[in-house]
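Shown next: query03.txt, given as compact mmCIF, N, CA, C and O atoms.
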```txt
# COMPACT_ATOMS: atom_id res chain seq x y z
N MET M 1 99.61 -51.78 47.80
CA MET M 1 98.57 -50.98 48.41
C MET M 1 97.64 -50.43 47.32
O MET M 1 98.08 -50.14 46.22
N PRO M 2 96.39 -50.28 47.67
CA PRO M 2 95.43 -49.83 46.66
C PRO M 2 95.50 -48.34 46.38
O PRO M 2 95.79 -47.53 47.26
N ALA M 3 95.20 -47.98 45.14
CA ALA M 3 95.11 -46.57 44.77
C ALA M 3 93.75 -46.06 45.25
O ALA M 3 92.73 -46.70 45.03
N ILE M 4 93.76 -44.90 45.91
CA ILE M 4 92.51 -44.28 46.36
C ILE M 4 92.22 -43.03 45.53
O ILE M 4 91.40 -42.21 45.91
N GLY M 5 92.91 -42.90 44.42
CA GLY M 5 92.67 -41.79 43.53
C GLY M 5 93.76 -41.66 42.50
O GLY M 5 94.81 -42.31 42.59
N TYR M 6 93.49 -40.82 41.53
CA TYR M 6 94.45 -40.52 40.48
C TYR M 6 94.43 -39.03 40.22
O TYR M 6 93.38 -38.38 40.30
N VAL M 7 95.61 -38.49 39.91
CA VAL M 7 95.74 -37.07 39.58
C VAL M 7 96.62 -36.93 38.36
O VAL M 7 97.40 -37.82 38.03
N THR M 8 96.47 -35.80 37.70
CA THR M 8 97.29 -35.48 36.54
C THR M 8 98.14 -34.27 36.87
O THR M 8 97.65 -33.29 37.44
N LYS M 9 99.42 -34.35 36.53
CA LYS M 9 100.35 -33.25 36.81
C LYS M 9 100.27 -32.20 35.71
O LYS M 9 100.34 -32.52 34.53
N SER M 10 100.11 -30.95 36.12
CA SER M 10 100.05 -29.82 35.19
C SER M 10 101.46 -29.29 34.92
O SER M 10 102.40 -29.62 35.65
N GLU M 11 101.58 -28.47 33.90
CA GLU M 11 102.88 -27.89 33.56
C GLU M 11 103.45 -27.04 34.68
O GLU M 11 104.68 -26.93 34.82
N ASP M 12 102.60 -26.44 35.52
CA ASP M 12 103.08 -25.61 36.63
C ASP M 12 103.50 -26.42 37.85
O ASP M 12 103.89 -25.87 38.87
N GLY M 13 103.41 -27.76 37.78
CA GLY M 13 103.83 -28.62 38.87
C GLY M 13 102.73 -28.99 39.84
O GLY M 13 102.94 -29.78 40.75
N SER M 14 101.53 -28.44 39.66
CA SER M 14 100.41 -28.81 40.51
C SER M 14 99.75 -30.08 39.96
O SER M 14 100.05 -30.53 38.85
N PHE M 15 98.88 -30.67 40.75
CA PHE M 15 98.18 -31.89 40.38
C PHE M 15 96.68 -31.67 40.55
O PHE M 15 96.25 -31.01 41.49
N LYS M 16 95.87 -32.28 39.66
CA LYS M 16 94.42 -32.22 39.77
C LYS M 16 93.86 -33.60 39.49
O LYS M 16 94.34 -34.29 38.58
N GLY M 17 92.86 -33.99 40.28
CA GLY M 17 92.24 -35.28 40.08
C GLY M 17 91.18 -35.55 41.11
O GLY M 17 90.52 -34.63 41.58
N GLN M 18 91.04 -36.83 41.49
CA GLN M 18 90.01 -37.24 42.42
C GLN M 18 90.52 -38.24 43.44
O GLN M 18 91.35 -39.09 43.12
N LEU M 19 89.98 -38.12 44.66
CA LEU M 19 90.07 -39.18 45.66
C LEU M 19 88.83 -40.02 45.50
O LEU M 19 87.73 -39.47 45.32
N LYS M 20 88.98 -41.35 45.54
CA LYS M 20 87.83 -42.24 45.40
C LYS M 20 87.99 -43.39 46.37
O LYS M 20 88.93 -44.19 46.26
N THR M 21 87.06 -43.46 47.33
CA THR M 21 86.99 -44.62 48.22
C THR M 21 85.56 -45.12 48.17
O THR M 21 84.73 -44.61 47.40
N LEU M 22 85.21 -46.09 49.00
CA LEU M 22 83.85 -46.61 49.00
C LEU M 22 82.83 -45.53 49.35
O LEU M 22 81.72 -45.54 48.85
N SER M 23 83.22 -44.57 50.21
CA SER M 23 82.25 -43.57 50.65
C SER M 23 82.61 -42.14 50.25
O SER M 23 81.83 -41.23 50.51
N ILE M 24 83.74 -41.92 49.64
CA ILE M 24 84.18 -40.56 49.32
C ILE M 24 84.50 -40.45 47.83
O ILE M 24 85.21 -41.28 47.27
N ARG M 25 83.98 -39.42 47.22
CA ARG M 25 84.35 -39.01 45.86
C ARG M 25 84.59 -37.51 45.94
O ARG M 25 83.66 -36.74 46.16
N ALA M 26 85.82 -37.09 45.81
CA ALA M 26 86.13 -35.67 45.97
C ALA M 26 87.18 -35.24 44.95
O ALA M 26 88.21 -35.90 44.79
N ASP M 27 86.90 -34.13 44.28
CA ASP M 27 87.90 -33.51 43.41
C ASP M 27 88.96 -32.90 44.30
O ASP M 27 88.64 -32.28 45.33
N ILE M 28 90.23 -33.08 43.93
CA ILE M 28 91.32 -32.50 44.72
C ILE M 28 92.30 -31.77 43.82
O ILE M 28 92.39 -32.04 42.63
N GLN M 29 93.02 -30.86 44.45
CA GLN M 29 94.15 -30.18 43.83
C GLN M 29 95.31 -30.29 44.82
O GLN M 29 95.11 -30.14 46.03
N ILE M 30 96.48 -30.55 44.29
CA ILE M 30 97.70 -30.56 45.10
C ILE M 30 98.58 -29.47 44.52
O ILE M 30 99.04 -29.58 43.39
N VAL M 31 98.75 -28.39 45.28
CA VAL M 31 99.42 -27.19 44.78
C VAL M 31 100.66 -26.88 45.62
O VAL M 31 100.72 -27.20 46.81
N ALA M 32 101.65 -26.25 44.99
CA ALA M 32 102.87 -25.87 45.69
C ALA M 32 102.53 -24.94 46.85
O ALA M 32 101.65 -24.09 46.74
N ASN M 33 103.22 -25.12 47.96
CA ASN M 33 103.05 -24.27 49.13
C ASN M 33 103.87 -23.00 48.93
O ASN M 33 105.08 -22.99 49.15
N ALA M 34 103.21 -21.93 48.53
CA ALA M 34 103.90 -20.66 48.24
C ALA M 34 104.49 -20.03 49.49
O ALA M 34 105.40 -19.20 49.40
N ASN M 35 104.02 -20.44 50.68
CA ASN M 35 104.50 -19.85 51.94
C ASN M 35 105.51 -20.72 52.66
O ASN M 35 105.76 -20.51 53.84
N ARG M 36 106.08 -21.70 51.99
CA ARG M 36 107.05 -22.60 52.63
C ARG M 36 108.26 -21.81 53.09
O ARG M 36 108.92 -21.13 52.32
N SER M 37 108.55 -21.91 54.39
CA SER M 37 109.64 -21.10 54.96
C SER M 37 110.75 -21.94 55.57
O SER M 37 111.72 -21.39 56.07
N GLY M 38 110.62 -23.27 55.55
CA GLY M 38 111.67 -24.10 56.13
C GLY M 38 111.42 -25.57 55.88
O GLY M 38 110.39 -25.96 55.30
N ASP M 39 112.35 -26.41 56.33
CA ASP M 39 112.29 -27.84 56.07
C ASP M 39 111.08 -28.52 56.71
O ASP M 39 110.66 -29.58 56.25
N THR M 40 110.55 -27.97 57.79
CA THR M 40 109.41 -28.60 58.44
C THR M 40 108.08 -28.26 57.77
O THR M 40 107.09 -28.92 58.00
N GLN M 41 108.08 -27.26 56.93
CA GLN M 41 106.87 -26.85 56.22
C GLN M 41 106.65 -27.78 55.02
O GLN M 41 107.60 -28.20 54.37
N PRO M 42 105.39 -28.08 54.70
CA PRO M 42 105.12 -28.95 53.56
C PRO M 42 105.45 -28.29 52.23
O PRO M 42 105.38 -27.07 52.09
N HIS M 43 105.81 -29.11 51.25
CA HIS M 43 106.07 -28.64 49.89
C HIS M 43 104.76 -28.34 49.15
O HIS M 43 104.72 -27.51 48.25
N TYR M 44 103.69 -29.06 49.53
CA TYR M 44 102.41 -28.94 48.84
C TYR M 44 101.27 -28.78 49.84
O TYR M 44 101.37 -29.23 50.99
N ARG M 45 100.17 -28.19 49.38
CA ARG M 45 98.90 -28.12 50.10
C ARG M 45 97.88 -28.91 49.27
O ARG M 45 97.89 -28.85 48.05
N VAL M 46 97.03 -29.67 49.96
CA VAL M 46 96.00 -30.45 49.29
C VAL M 46 94.66 -29.77 49.55
O VAL M 46 94.30 -29.52 50.71
N LEU M 47 93.94 -29.46 48.48
CA LEU M 47 92.68 -28.74 48.57
C LEU M 47 91.56 -29.53 47.92
O LEU M 47 91.78 -30.25 46.94
N SER M 48 90.36 -29.38 48.47
CA SER M 48 89.15 -29.92 47.86
C SER M 48 88.09 -28.83 47.93
O SER M 48 87.75 -28.36 49.02
N ASP M 49 87.63 -28.39 46.78
CA ASP M 49 86.66 -27.28 46.71
C ASP M 49 87.15 -26.06 47.47
O ASP M 49 86.37 -25.40 48.17
N GLY M 50 88.45 -25.77 47.40
CA GLY M 50 89.01 -24.59 48.05
C GLY M 50 89.30 -24.75 49.53
O GLY M 50 89.83 -23.84 50.16
N VAL M 51 88.97 -25.91 50.11
CA VAL M 51 89.22 -26.17 51.53
C VAL M 51 90.47 -27.02 51.67
O VAL M 51 90.61 -28.05 51.00
N GLU M 52 91.39 -26.59 52.52
CA GLU M 52 92.61 -27.36 52.72
C GLU M 52 92.31 -28.61 53.53
O GLU M 52 91.77 -28.54 54.63
N ILE M 53 92.67 -29.78 52.96
CA ILE M 53 92.43 -31.05 53.64
C ILE M 53 93.72 -31.80 53.93
O ILE M 53 93.67 -32.90 54.48
N GLY M 54 94.86 -31.22 53.57
CA GLY M 54 96.09 -31.93 53.83
C GLY M 54 97.31 -31.23 53.28
O GLY M 54 97.25 -30.09 52.82
N ALA M 55 98.42 -31.95 53.38
CA ALA M 55 99.71 -31.41 52.97
C ALA M 55 100.57 -32.53 52.39
O ALA M 55 100.28 -33.71 52.59
N GLY M 56 101.62 -32.14 51.66
CA GLY M 56 102.51 -33.12 51.04
C GLY M 56 103.96 -32.71 51.15
O GLY M 56 104.28 -31.52 51.05
N TRP M 57 104.83 -33.68 51.36
CA TRP M 57 106.26 -33.46 51.46
C TRP M 57 107.00 -34.28 50.40
O TRP M 57 106.69 -35.45 50.19
N MET M 58 107.95 -33.69 49.74
CA MET M 58 108.79 -34.40 48.78
C MET M 58 109.69 -35.37 49.53
O MET M 58 110.30 -35.00 50.54
N ARG M 59 109.76 -36.59 49.05
CA ARG M 59 110.61 -37.63 49.64
C ARG M 59 111.34 -38.34 48.51
O ARG M 59 110.93 -38.30 47.36
N ARG M 60 112.40 -39.05 48.86
CA ARG M 60 113.13 -39.87 47.89
C ARG M 60 113.17 -41.30 48.42
O ARG M 60 113.57 -41.54 49.55
N SER M 61 112.79 -42.24 47.57
CA SER M 61 112.79 -43.65 47.95
C SER M 61 114.22 -44.13 48.14
O SER M 61 115.07 -43.91 47.28
N GLU M 62 114.47 -44.78 49.27
CA GLU M 62 115.81 -45.31 49.53
C GLU M 62 116.12 -46.48 48.60
O GLU M 62 117.27 -46.65 48.19
N SER M 63 115.11 -47.27 48.25
CA SER M 63 115.38 -48.45 47.43
C SER M 63 115.54 -48.11 45.94
O SER M 63 116.44 -48.62 45.29
N SER M 64 114.68 -47.23 45.41
CA SER M 64 114.74 -46.94 43.98
C SER M 64 115.43 -45.61 43.65
O SER M 64 115.82 -45.39 42.51
N GLY M 65 115.53 -44.72 44.64
CA GLY M 65 116.11 -43.41 44.39
C GLY M 65 115.16 -42.45 43.68
O GLY M 65 115.54 -41.35 43.32
N ARG M 66 113.90 -42.87 43.48
CA ARG M 66 112.92 -42.03 42.80
C ARG M 66 112.22 -41.10 43.79
O ARG M 66 112.00 -41.45 44.95
N ASP M 67 111.85 -39.92 43.31
CA ASP M 67 111.13 -38.96 44.12
C ASP M 67 109.64 -39.29 44.14
O ASP M 67 109.10 -39.83 43.17
N TYR M 68 108.99 -38.98 45.25
CA TYR M 68 107.54 -39.12 45.38
C TYR M 68 107.07 -38.08 46.39
O TYR M 68 107.88 -37.41 47.04
N VAL M 69 105.77 -37.92 46.52
CA VAL M 69 105.19 -36.99 47.48
C VAL M 69 104.47 -37.81 48.55
O VAL M 69 103.63 -38.66 48.23
N SER M 70 104.81 -37.56 49.81
CA SER M 70 104.14 -38.19 50.94
C SER M 70 103.02 -37.26 51.40
O SER M 70 103.26 -36.10 51.73
N LEU M 71 101.77 -37.77 51.40
CA LEU M 71 100.60 -36.96 51.72
C LEU M 71 100.04 -37.31 53.09
O LEU M 71 100.03 -38.47 53.50
N SER M 72 99.56 -36.30 53.78
CA SER M 72 98.82 -36.45 55.04
C SER M 72 97.51 -35.70 54.86
O SER M 72 97.52 -34.50 54.59
N LEU M 73 96.38 -36.42 54.99
CA LEU M 73 95.07 -35.85 54.74
C LEU M 73 94.20 -35.97 55.98
O LEU M 73 94.25 -36.99 56.68
N ALA M 74 93.39 -34.94 56.25
CA ALA M 74 92.47 -34.97 57.39
C ALA M 74 91.22 -34.19 57.03
O ALA M 74 91.29 -33.07 56.52
N ALA M 75 90.07 -34.80 57.29
CA ALA M 75 88.77 -34.16 57.07
C ALA M 75 87.75 -34.97 57.87
O ALA M 75 87.95 -36.16 58.12
N PRO M 76 86.65 -34.34 58.28
CA PRO M 76 85.64 -35.08 59.04
C PRO M 76 85.17 -36.35 58.33
O PRO M 76 84.88 -37.36 58.98
N GLU M 77 85.12 -36.33 57.00
CA GLU M 77 84.68 -37.50 56.25
C GLU M 77 85.62 -38.69 56.41
O GLU M 77 85.22 -39.83 56.18
N PHE M 78 86.86 -38.44 56.79
CA PHE M 78 87.83 -39.52 56.97
C PHE M 78 87.76 -40.13 58.36
O PHE M 78 88.48 -41.07 58.66
N GLY M 79 86.95 -39.55 59.25
CA GLY M 79 86.88 -40.02 60.63
C GLY M 79 87.94 -39.36 61.48
O GLY M 79 88.56 -38.38 61.06
N PRO M 80 88.15 -39.87 62.68
CA PRO M 80 89.05 -39.19 63.64
C PRO M 80 90.54 -39.33 63.34
O PRO M 80 91.35 -38.68 63.99
N ARG M 81 90.91 -40.16 62.39
CA ARG M 81 92.33 -40.38 62.12
C ARG M 81 92.74 -39.74 60.81
O ARG M 81 91.94 -39.55 59.90
N ARG M 82 94.02 -39.45 60.70
CA ARG M 82 94.58 -38.94 59.44
C ARG M 82 94.68 -40.07 58.43
O ARG M 82 94.85 -41.24 58.79
N LEU M 83 94.60 -39.69 57.18
CA LEU M 83 94.79 -40.64 56.09
C LEU M 83 96.16 -40.34 55.48
O LEU M 83 96.44 -39.19 55.15
N TYR M 84 96.99 -41.36 55.39
CA TYR M 84 98.32 -41.20 54.81
C TYR M 84 98.37 -41.88 53.44
O TYR M 84 97.81 -42.95 53.25
N ALA M 85 99.04 -41.22 52.51
CA ALA M 85 99.14 -41.76 51.15
C ALA M 85 100.44 -41.27 50.51
O ALA M 85 101.04 -40.30 50.97
N ASN M 86 100.85 -41.96 49.48
CA ASN M 86 102.00 -41.55 48.68
C ASN M 86 101.53 -41.26 47.27
O ASN M 86 100.65 -41.95 46.74
N LEU M 87 102.12 -40.26 46.69
CA LEU M 87 101.79 -39.88 45.32
C LEU M 87 102.97 -40.28 44.45
O LEU M 87 104.08 -39.80 44.63
N GLY M 88 102.72 -41.21 43.55
CA GLY M 88 103.78 -41.67 42.66
C GLY M 88 103.24 -41.91 41.27
O GLY M 88 102.03 -42.06 41.07
N GLN M 89 104.12 -41.94 40.31
CA GLN M 89 103.72 -42.12 38.92
C GLN M 89 102.94 -43.42 38.77
O GLN M 89 103.34 -44.47 39.26
N ALA M 90 101.78 -43.34 38.10
CA ALA M 90 100.92 -44.50 37.90
C ALA M 90 101.58 -45.48 36.94
O ALA M 90 102.10 -45.09 35.90
N ALA M 91 101.54 -46.74 37.30
CA ALA M 91 102.14 -47.78 36.46
C ALA M 91 101.39 -47.91 35.14
O ALA M 91 100.17 -47.92 35.11
N GLY M 92 102.13 -47.98 34.06
CA GLY M 92 101.55 -48.22 32.76
C GLY M 92 100.76 -47.08 32.17
O GLY M 92 100.12 -47.24 31.14
N GLY M 93 100.79 -45.93 32.81
CA GLY M 93 100.02 -44.80 32.30
C GLY M 93 100.92 -43.75 31.68
O GLY M 93 102.13 -43.91 31.61
N PRO M 94 100.31 -42.65 31.25
CA PRO M 94 101.11 -41.56 30.70
C PRO M 94 102.00 -40.94 31.79
O PRO M 94 101.73 -41.08 32.98
N GLU M 95 103.02 -40.26 31.35
CA GLU M 95 104.01 -39.69 32.26
C GLU M 95 103.43 -38.69 33.26
O GLU M 95 103.96 -38.52 34.34
N ASP M 96 102.32 -38.04 32.90
CA ASP M 96 101.75 -37.01 33.77
C ASP M 96 100.65 -37.54 34.69
O ASP M 96 100.03 -36.79 35.42
N ARG M 97 100.41 -38.86 34.71
CA ARG M 97 99.36 -39.46 35.56
C ARG M 97 99.99 -40.08 36.79
O ARG M 97 100.93 -40.88 36.69
N PHE M 98 99.45 -39.72 37.96
CA PHE M 98 99.98 -40.18 39.23
C PHE M 98 98.88 -40.84 40.05
O PHE M 98 97.72 -40.43 40.01
N ALA M 99 99.24 -41.85 40.81
CA ALA M 99 98.31 -42.56 41.68
C ALA M 99 98.49 -42.07 43.12
O ALA M 99 99.60 -41.80 43.56
N VAL M 100 97.35 -41.95 43.81
CA VAL M 100 97.36 -41.65 45.24
C VAL M 100 97.23 -43.02 45.92
O VAL M 100 96.17 -43.65 45.87
N ILE M 101 98.33 -43.49 46.50
CA ILE M 101 98.40 -44.84 47.07
C ILE M 101 98.23 -44.78 48.58
O ILE M 101 99.04 -44.16 49.28
N TRP M 102 97.16 -45.40 49.05
CA TRP M 102 96.87 -45.42 50.48
C TRP M 102 98.01 -46.09 51.22
O TRP M 102 98.52 -47.13 50.83
N ASN M 103 98.41 -45.49 52.35
CA ASN M 103 99.50 -45.98 53.17
C ASN M 103 98.98 -46.09 54.60
O ASN M 103 99.14 -45.17 55.38
N PRO M 104 98.29 -47.21 54.95
CA PRO M 104 97.71 -47.30 56.28
C PRO M 104 98.76 -47.20 57.36
O PRO M 104 99.84 -47.76 57.25
N ALA M 105 98.42 -46.48 58.41
CA ALA M 105 99.36 -46.24 59.51
C ALA M 105 99.52 -47.47 60.39
O ALA M 105 100.50 -47.60 61.10
N ASP M 106 98.54 -48.37 60.37
CA ASP M 106 98.64 -49.57 61.23
C ASP M 106 98.46 -50.83 60.47
O ASP M 106 98.28 -50.92 59.34
```
Structure re-expressed in structure tokens:
Amino acid sequence: MPAIGYVTKSEDGSFKGQLKTLSIRADIQIVANANRSGDTQPHYRVLSDGVEIGAGWMRRSESSGRDYVSLSLAAPEFGPRRLYANLGQAAGGPEDRFAVIWNPAD
């Protein structure tokens, strides 16, 4: 699946970078959800220019056993459907660089 953006992980565990598609260029931040109160609440909030556009949940791959973040994004620019993506370490890059990998629902 294609990468629709890249982010860099900060020492505090948050991520900063960009979403990039044919029609969208947006700076994003993925920050810990300080108000998480249970298993159904997301681990992360996704923000662009201070506006919340999505959320992220920690998951573990059954095949590799590696952790990743599953993202759900929604904004008028994305159209009427949610955009799903996975956040995982970028191949061949530095340890703190992560790819936002588009995960089409259909």
Open item on the list: Please determine, counting only C-alpha atoms, which residue among M:Ala32, M:Ala26, M:Ser61, M:Gly38 has the shortest atom-to-atom distance to M:Gly13.
Closed with: M:Ala32
Task: Cut-off 4.5 Å around (88.7, -34.9, 46.8) with all atoms listed in the file: residues as a ChimeraX atom specification - done: /M:19,26-28
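One finds atom O of M:Asn86 at 11.9 Å from atom N of M:Asp67.
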Task: atom C of M:Gln29 to atom N of M:Val51, straight-line distance in Å - done: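 Pair atom N of M:Val51 / atom C of M:Gln29 returns 9.3 Å.
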Task: Counting only N, CA, C and O atoms, the option among M:Val7, M:Leu47, M:Leu83, M:Ala55 closest to M:Asn103 - done: M:Leu83
Task: Between atom O of M:Arg97 and atom C of M:Ser37, distance in Å (one decimal) - done: 28.5 Å
Task: Residue neighbourhood M:Ile101, 4.5 Å, all atoms listed in the file, exclusion window fewer than 4 positions, as a list in words - done: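 Contacts, in chain order: Pro2, Ala3, Tyr84, Ala85 and Asn86 of chain M.
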Open item on the list: Could you go through stretch 1-31 of chain M and tell me which residues DSSP, when run on the backbone, assigns to strand (DSSP E), listing them as JSON, numbers by chain?
Closed with: {"M": [3, 4, 5, 6, 7, 8, 9, 15, 16, 17, 18, 19, 20, 25, 26, 27, 28, 29, 30, 31]}
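Residue nearest M:Pro104 within the list M:Arg82, M:Ser72, M:Val31, M:Thr40: M:Arg82 [criterion: smallest interatomic distance, all atoms listed in the file].
Of the residues listed (M:Asp12, M:Val100, M:Tyr6, M:Gly50), M:Val100 shows the shortest atom-to-atom separation from M:Ser70; distances use only C-alpha atoms.
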Report, as AutoDock Vina command-line options, the centre and edge lengths in Å (one decimal) of the axis-aligned box enclosing every listed atom of stretch 71-75 of chain M, padded by 4 Å on each side.
```
--center_x 94.8 --center_y -35.8 --center_z 54.8 --size_x 22.0 --size_y 13.4 --size_z 14.7
```
Open item on the list: Quick one: residues within 12 Å of M:Asp39, only C-alpha atoms, excluding same-chain residues fewer than 4 positions away - as JSON, numbers by chain?
Closed with: {"M": [35, 43, 57, 58, 59]}
Task: Expected answer as a PyMOL selection string: all residues with atoms within 4.5 Å of (105.8, -38.3, 46.5), all atoms listed in the file - done: chain M and resi 68-70+87
